[in-house]
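Colleague: Got a structure here, written out as structure tokens. Questions coming.
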Amino acid sequence: MTNESNPKSKLGIVVVGAGDMGAKHALHWHNAGAKVIAVCDPDLDRAEEAANPVGAKAIADYATIKGNPEVHAASVCTPTFLHAGIATDFAYLGKHVLIEKPITLTLEQALSIKEVSETSGAQIRVGFMRRFDEAFPKYLDFVKQLDEPILASATIYA
């Protein structure tokens, strides 16, 4: 995904939350070729630790950058009770959102995110990994046969 107004521009990402998962998200986005614009955390020292390796700004408050036109998406890596507010703030602006699991604390919060997504057109996704699932090694073998995939996705039915 790139900026629709300039298809050759890099995907601009804001990572909200600079703990272990936020730092990993910043590195993974950067390594995937996206431009990590900012890492946001009230603890600016921690934000700087995650932002510096990817050449991003460290900021304390995501609200200061969420409206930036270079921002196309946000990775929300905060404590769960903050997910709904942050996700809807970005989605209202048409920014796509990747939320670490669990999506929210309540069904009502999750439904509010869904509603904002539907009205704004923003894509909302939940980061849910199955690395230790018994099907994962087979899936990985299949993906390795492809020519340098950028993204692979699977749906697992219980």
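In the structure tokens, each chain is lettered A, B, ... as it comes, each chain's residues begin at 1, and ligands are numbered from 1 in order of appearance.
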If DSSP is run on the backbone, what residues of region 17-144 of chain A are strand (DSSP E or B)? A reply as a PyMOL selection string would be ideal.

Modeller: chain A and resi 35-40+57-59+73-76+96-100+124-127

Colleague: Quick one: which region 58-156 of chain A residues come within 6 Å of region 13-24 of chain A, and what is the nearest atom pair for each with the distance in Å to one decimal, counting only C-alpha atoms, rows ordered by chain and ascending number, as a Markdown table?

Modeller:
| residue | atom | partner | partner_atom | distance |
| --- | --- | --- | --- | --- |
| A:Val71 | CA | A:Ile13 | CA | 5.7 |
| A:Ala73 | CA | A:Ile13 | CA | 5.1 |
| A:Ala74 | CA | A:Val14 | CA | 4.7 |
| A:Ser75 | CA | A:Val15 | CA | 4.7 |
| A:Val76 | CA | A:Val16 | CA | 5.0 |
| A:Cys77 | CA | A:Gly17 | CA | 4.9 |
| A:Thr78 | CA | A:Gly17 | CA | 4.8 |

Colleague: Counting only C-alpha atoms, what is within 9 Å of Thr88 (chain A), bar same-chain residues fewer than 6 positions away, as a list in words?

Modeller: Val97, Ser112, Ile113, Lys114, Val116 and Ser117 of chain A

Colleague: Looking only at alpha helix (DSSP H) from DSSP on the backbone, list the matching residues of chain A as a PyMOL selection string.

Modeller: chain A and resi 20-31+44-51+80-92+107-120+136-144

Colleague: Within 12 Å of Ala63 (chain A), counting only C-alpha atoms, which residues show up once you throw out same-chain ones fewer than 2 positions away? Write them as a list of chain:residue names, please.

Modeller: A:Val14, A:Val16, A:Ala38, A:Val39, A:Cys40, A:Asp41, A:Pro42, A:Ile59, A:Ala60, A:Asp61, A:Ile65, A:Lys66, A:Gly67, A:Asn68, A:Val71, A:Ala74, A:Gly85, A:Ile86, A:Ala87, A:Thr88, A:Asp89, A:Phe90, A:Leu93

Colleague: Find the residue from A:Phe136, A:Phe142, A:Tyr62, A:Tyr92 that sits nearest to Ile124 (chain A); use only C-alpha atoms when measuring.

Modeller: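 Of the candidates, the smallest distance to Ile124 (chain A) is held by A:Tyr92.
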
Colleague: Restricting the calculation to only C-alpha atoms, which member of A:Ala32, A:Leu105, A:Leu98, A:Leu111 is positioned closest to Arg125 (chain A)?

Modeller: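 When distances to Arg125 (chain A) are compared using only C-alpha atoms, the smallest one comes from A:Leu98.
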
Colleague: CA of Ala122 (chain A) and CA of Gln109 (chain A) are how many Å apart?

Modeller: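 Separation between CA of Ala122 (chain A) and CA of Gln109 (chain A): 16.4 Å.
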
Colleague: In Å, rounded to a single decimal, give me how far CA of Ile37 (chain A) is from CA of Ala56 (chain A).

Modeller: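 Distance reported for this atom pair: 5.0 Å.
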
Colleague: Taking 2 positions as the minimum chain separation for residues in the same chain, which residues sit within 10 Å of His30 (chain A) when counting only C-alpha atoms? Answer as a list of chain:residue names.

Modeller: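 My reading of the contact set: A:Leu11, A:Gly12, A:Ile13, A:Lys24, A:His25, A:Ala26, A:Leu27, A:His28, A:Ala32, A:Gly33, A:Ala34, A:Lys35, A:Val36, A:Ile37, A:Pro53, A:Val54, A:Gly55, A:Ala56.
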
Colleague: Just N, CA, C and O atoms for this one: save the residues we selected as a short mmCIF file (atom, residue, chain, number, x, y, z; two decimals), in the first residue's frame.

Modeller:
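Final file, result-v7.cif:
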data_model
loop_
_atom_site.label_atom_id
_atom_site.label_comp_id
_atom_site.auth_asym_id
_atom_site.auth_seq_id
_atom_site.Cartn_x
_atom_site.Cartn_y
_atom_site.Cartn_z
N LEU A 11 4.84 3.96 2.13
CA LEU A 11 3.77 3.94 3.12
C LEU A 11 4.29 4.62 4.38
O LEU A 11 5.33 4.25 4.91
N GLY A 12 3.58 5.64 4.86
CA GLY A 12 3.98 6.37 6.06
C GLY A 12 3.28 5.81 7.29
O GLY A 12 2.06 5.77 7.35
N ILE A 13 4.08 5.41 8.27
CA ILE A 13 3.57 4.73 9.46
C ILE A 13 3.87 5.53 10.72
O ILE A 13 4.95 6.10 10.86
N LYS A 24 9.34 -3.45 18.06
CA LYS A 24 9.35 -4.50 17.02
C LYS A 24 8.57 -4.04 15.79
O LYS A 24 9.00 -4.26 14.66
N HIS A 25 7.41 -3.43 16.00
CA HIS A 25 6.62 -2.94 14.87
C HIS A 25 7.42 -1.92 14.07
O HIS A 25 7.44 -1.97 12.84
N ALA A 26 8.07 -0.98 14.75
CA ALA A 26 8.85 0.04 14.05
C ALA A 26 9.92 -0.62 13.18
O ALA A 26 10.07 -0.28 12.00
N LEU A 27 10.63 -1.58 13.74
CA LEU A 27 11.68 -2.26 12.96
C LEU A 27 11.11 -3.06 11.80
O LEU A 27 11.65 -3.02 10.68
N HIS A 28 10.02 -3.76 12.04
CA HIS A 28 9.43 -4.57 10.97
C HIS A 28 8.87 -3.70 9.85
O HIS A 28 9.04 -4.03 8.67
N ALA A 32 10.34 -3.67 6.06
CA ALA A 32 9.45 -4.00 4.96
C ALA A 32 9.42 -2.89 3.90
O ALA A 32 8.75 -3.03 2.88
N GLY A 33 10.12 -1.78 4.16
CA GLY A 33 10.20 -0.71 3.18
C GLY A 33 9.30 0.47 3.44
O GLY A 33 9.27 1.42 2.66
N ALA A 34 8.56 0.44 4.54
CA ALA A 34 7.71 1.58 4.88
C ALA A 34 8.56 2.69 5.51
O ALA A 34 9.68 2.45 5.96
N LYS A 35 8.02 3.89 5.53
CA LYS A 35 8.68 5.00 6.20
C LYS A 35 8.04 5.17 7.56
O LYS A 35 6.87 5.57 7.66
N VAL A 36 8.77 4.84 8.61
CA VAL A 36 8.26 5.06 9.96
C VAL A 36 8.48 6.54 10.27
O VAL A 36 9.61 6.99 10.41
N ILE A 37 7.41 7.27 10.31
CA ILE A 37 7.47 8.72 10.48
C ILE A 37 7.70 9.08 11.94
O ILE A 37 8.49 9.96 12.25
N PRO A 53 16.63 3.79 15.62
CA PRO A 53 17.12 2.79 14.65
C PRO A 53 16.43 2.82 13.29
O PRO A 53 16.96 2.32 12.31
N VAL A 54 15.25 3.44 13.22
CA VAL A 54 14.51 3.47 11.96
C VAL A 54 14.43 4.89 11.37
O VAL A 54 13.72 5.12 10.40
N GLY A 55 15.13 5.82 11.99
CA GLY A 55 15.16 7.19 11.48
C GLY A 55 13.86 7.95 11.64
O GLY A 55 13.56 8.85 10.86
N ALA A 56 13.09 7.61 12.65
CA ALA A 56 11.80 8.25 12.88
C ALA A 56 11.92 9.32 13.97
O ALA A 56 12.90 9.35 14.71
#

Colleague: So the first atom is CA of His96 (chain A) and the second is CA of Glu108 (chain A); what is the distance between them in Å, to one decimal place?

Modeller: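 Computed distance, CA of His96 (chain A) to CA of Glu108 (chain A), equals 20.0 Å.
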